[in-house]
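Working notes, structure below.
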Amino acid sequence: MSDAHPSQRLDDVVHQRVRLGILAVLAEADQADFGFLKDALNLTDGNLSRHVQVLEEAGYVQVRKTFEGRRPRTWISATRAGRAAFASEVAALLELIAGVDRPGRKSGGG
Amino acid sequence: MTKDDELTTTLEELDRLRMHTRAAVHPAWFPLVLFGLLGLASIPFSGIGNGAGIGLFWLVAGPAGGVATARYYTKRAVSLGAGVRGRAYAALGVALFVGAWVAGFITQSAAGPMIVVALGYIGFARLDRSWPTAAVAAVLGVAAVVVAVSDPANGDVILAFVFGLAFTVTGLVLRRRDPLA
């Protein structure tokens, strides 16, 4: 574990409610389509697109487009880096809740 | 709302999303019910040809059940819009099938293959993140070890019955909790 304060380990790309939600879904499903993510996170098309693009540019998700007949379908999956970033973010949040940062409390116990 | 409360709410929401997605993409009940019913259907074959009957039954039923399970998972993933990749499941299924056959040849009893099946299902439980699957696999493993040690007259029938009943009942209970079933 890093010695850095947990809040310093929060990733600006991941530390955002919707993007955390996307990565939470993709931590369980190897791939999810746009519609599934939209319903699960209760988002509009534009909002989801914007957040997926941020994650894609950071290398945390991959986007794959397929066609079923004439209907296009967009599948999103987490990359290895995306899964690691999500796990790290959750660990940092848990540490913050555990009170590592509370004033007057020494880390390391004793 | 304090910062701690906000963080707790965020983590609870992430947990809820993960559980929702996990339940949607891992319909663990399907293979439990299918292979449980196949286990029960295999019982009449137990007494045929000194093990040849049940061997032949699983030679056909094993791969057929695997293909049916793969089709169900795939069809569900396409209609739902979320799913898991099948490579690990397929590799484990093939290993289980081959391992059970090898164990059957080596031990010349039903207990050996059933121990392999139990281990295989613990692997499937890990892939499906399903505690009920792990629990029912452990029950089967313990039953197989007991039969191997005590060597009762109808050990193969007892194991097929335990396998069939435990898997079918557990699968049906899980199915009731699946809103997409």
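Residues in the structure tokens are numbered from 1 in each chain, the chains being A, B, ... in the order shown, and ligands are numbered from 1 in the order shown.
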
* Write out as a list in words which residues come within 7 Å of range 116-123 of chain B when counting only C-alpha atoms, dropping same-chain ones fewer than 5 positions away. => Leu92, Leu96, Gly99, Ala100, Thr133, Ala134, Ala137, Ala138, Leu140 and Gly141 of chain B

* Who sits within 12 Å of Asn47 in chain A, only C-alpha atoms, same chain under 2 positions skipped, as number ranges by chain -> A: 18-19, 22, 34, 37-38, 41-45, 49-54

Provide as a compact mmCIF listing (two decimals) with C-alpha atoms, in the first residue's frame the residues of chain B at most 7 Å from chain A, counting only C-alpha atoms.
# COMPACT_ATOMS: atom_id res chain seq x y z
CA ASP B 4 -18.09 10.61 5.39
CA LEU B 7 -18.45 8.72 0.65
CA LEU B 14 -21.41 1.35 -6.31
CA LEU B 17 -24.73 -1.23 -9.17
CA ARG B 18 -22.31 -4.14 -8.90
CA THR B 21 -25.04 -6.13 -12.78
CA ARG B 22 -23.72 -9.33 -11.21
CA VAL B 25 -24.92 -11.19 -16.18
CA GLY B 81 -26.93 -5.70 -23.40
CA ALA B 82 -24.39 -6.97 -20.88
CA GLY B 83 -22.57 -10.21 -20.36
CA VAL B 84 -19.41 -12.10 -19.67
CA ARG B 85 -16.92 -13.57 -22.12

* Asked: Which residues, written as a ChimeraX atom specification, have at least one atom at most 7 Å from range 157-167 of chain B, with only C-alpha atoms counted and residues fewer than 6 positions away on the same chain left out?
  -> /B:32-33,36-40,43,46,136,140,143-144

Those selected residues, please, written with N, CA and C atoms and delivered as a PDB file, in the first residue's frame.
ATOM      1  N   LEU B  32     -27.199 -24.911 -13.004  1.00  0.00           N
ATOM      2  CA  LEU B  32     -27.517 -25.751 -11.840  1.00  0.00           C
ATOM      3  C   LEU B  32     -28.773 -26.575 -12.108  1.00  0.00           C
ATOM      4  N   VAL B  33     -29.811 -25.921 -12.611  1.00  0.00           N
ATOM      5  CA  VAL B  33     -31.058 -26.642 -12.897  1.00  0.00           C
ATOM      6  C   VAL B  33     -30.833 -27.667 -14.017  1.00  0.00           C
ATOM      7  N   GLY B  36     -28.503 -30.434 -12.862  1.00  0.00           N
ATOM      8  CA  GLY B  36     -29.184 -31.156 -11.788  1.00  0.00           C
ATOM      9  C   GLY B  36     -30.216 -32.119 -12.363  1.00  0.00           C
ATOM     10  N   LEU B  37     -30.998 -31.639 -13.309  1.00  0.00           N
ATOM     11  CA  LEU B  37     -32.002 -32.499 -13.952  1.00  0.00           C
ATOM     12  C   LEU B  37     -31.322 -33.622 -14.734  1.00  0.00           C
ATOM     13  N   LEU B  38     -30.211 -33.291 -15.391  1.00  0.00           N
ATOM     14  CA  LEU B  38     -29.467 -34.345 -16.102  1.00  0.00           C
ATOM     15  C   LEU B  38     -28.941 -35.388 -15.112  1.00  0.00           C
ATOM     16  N   GLY B  39     -28.511 -34.927 -13.941  1.00  0.00           N
ATOM     17  CA  GLY B  39     -28.043 -35.860 -12.907  1.00  0.00           C
ATOM     18  C   GLY B  39     -29.147 -36.809 -12.488  1.00  0.00           C
ATOM     19  N   LEU B  40     -30.343 -36.262 -12.283  1.00  0.00           N
ATOM     20  CA  LEU B  40     -31.474 -37.123 -11.914  1.00  0.00           C
ATOM     21  C   LEU B  40     -31.822 -38.073 -13.066  1.00  0.00           C
ATOM     22  N   ILE B  43     -29.814 -41.414 -13.372  1.00  0.00           N
ATOM     23  CA  ILE B  43     -29.933 -42.497 -12.384  1.00  0.00           C
ATOM     24  C   ILE B  43     -30.305 -43.847 -13.030  1.00  0.00           C
ATOM     25  N   SER B  46     -27.426 -45.934 -14.308  1.00  0.00           N
ATOM     26  CA  SER B  46     -26.361 -46.357 -13.389  1.00  0.00           C
ATOM     27  C   SER B  46     -26.145 -47.864 -13.407  1.00  0.00           C
ATOM     28  N   VAL B 136     -23.222 -25.619  -2.913  1.00  0.00           N
ATOM     29  CA  VAL B 136     -23.782 -26.882  -3.407  1.00  0.00           C
ATOM     30  C   VAL B 136     -22.671 -27.771  -3.979  1.00  0.00           C
ATOM     31  N   LEU B 140     -21.643 -31.568  -2.677  1.00  0.00           N
ATOM     32  CA  LEU B 140     -21.397 -32.699  -3.578  1.00  0.00           C
ATOM     33  C   LEU B 140     -20.009 -33.305  -3.321  1.00  0.00           C
ATOM     34  N   ALA B 143     -20.114 -35.338  -0.146  1.00  0.00           N
ATOM     35  CA  ALA B 143     -20.850 -36.590  -0.392  1.00  0.00           C
ATOM     36  C   ALA B 143     -19.993 -37.570  -1.182  1.00  0.00           C
ATOM     37  N   ALA B 144     -19.255 -37.071  -2.167  1.00  0.00           N
ATOM     38  CA  ALA B 144     -18.413 -37.948  -2.992  1.00  0.00           C
ATOM     39  C   ALA B 144     -17.284 -38.563  -2.165  1.00  0.00           C
TER      40      ALA B 144
END

* To do: Identify, on the basis of only C-alpha atoms, every residue whose closest approach to Val98 in chain B does not exceed 12 Å; exclude the query and any residue fewer than 2 positions from it along the same chain; express the result as a list in words.
  =>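 Everything that qualifies: Trp58, Leu59, Gly62, Pro63, Ala91, Leu92, Gly93, Val94, Ala95, Leu96, Ala100, Trp101, Val102, Ala103, Gly104, Phe105, Pro113, Val116, Val117 and Gly120 of chain B.
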
* **Point-to-point distance in Å for CA of Leu174 in chain B and CA of Val78 in chain B** =>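 Between these atoms lies a distance of 21.4 Å.
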
* Asked: Given the choices A:Lys65, A:Asp12, A:Leu55, A:Glu95, which gets closest to Ala78 in chain A if the distance is worked out from only C-alpha atoms?
  ->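 The answer is A:Leu55, which sits nearest to Ala78 in chain A.
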
* To do: Grab the CA of Glu12 in chain B to CA of Ala91 in chain A distance for me, in Å with one decimal place.
  =>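 Calculated distance between CA of Glu12 in chain B and CA of Ala91 in chain A is 13.6 Å.
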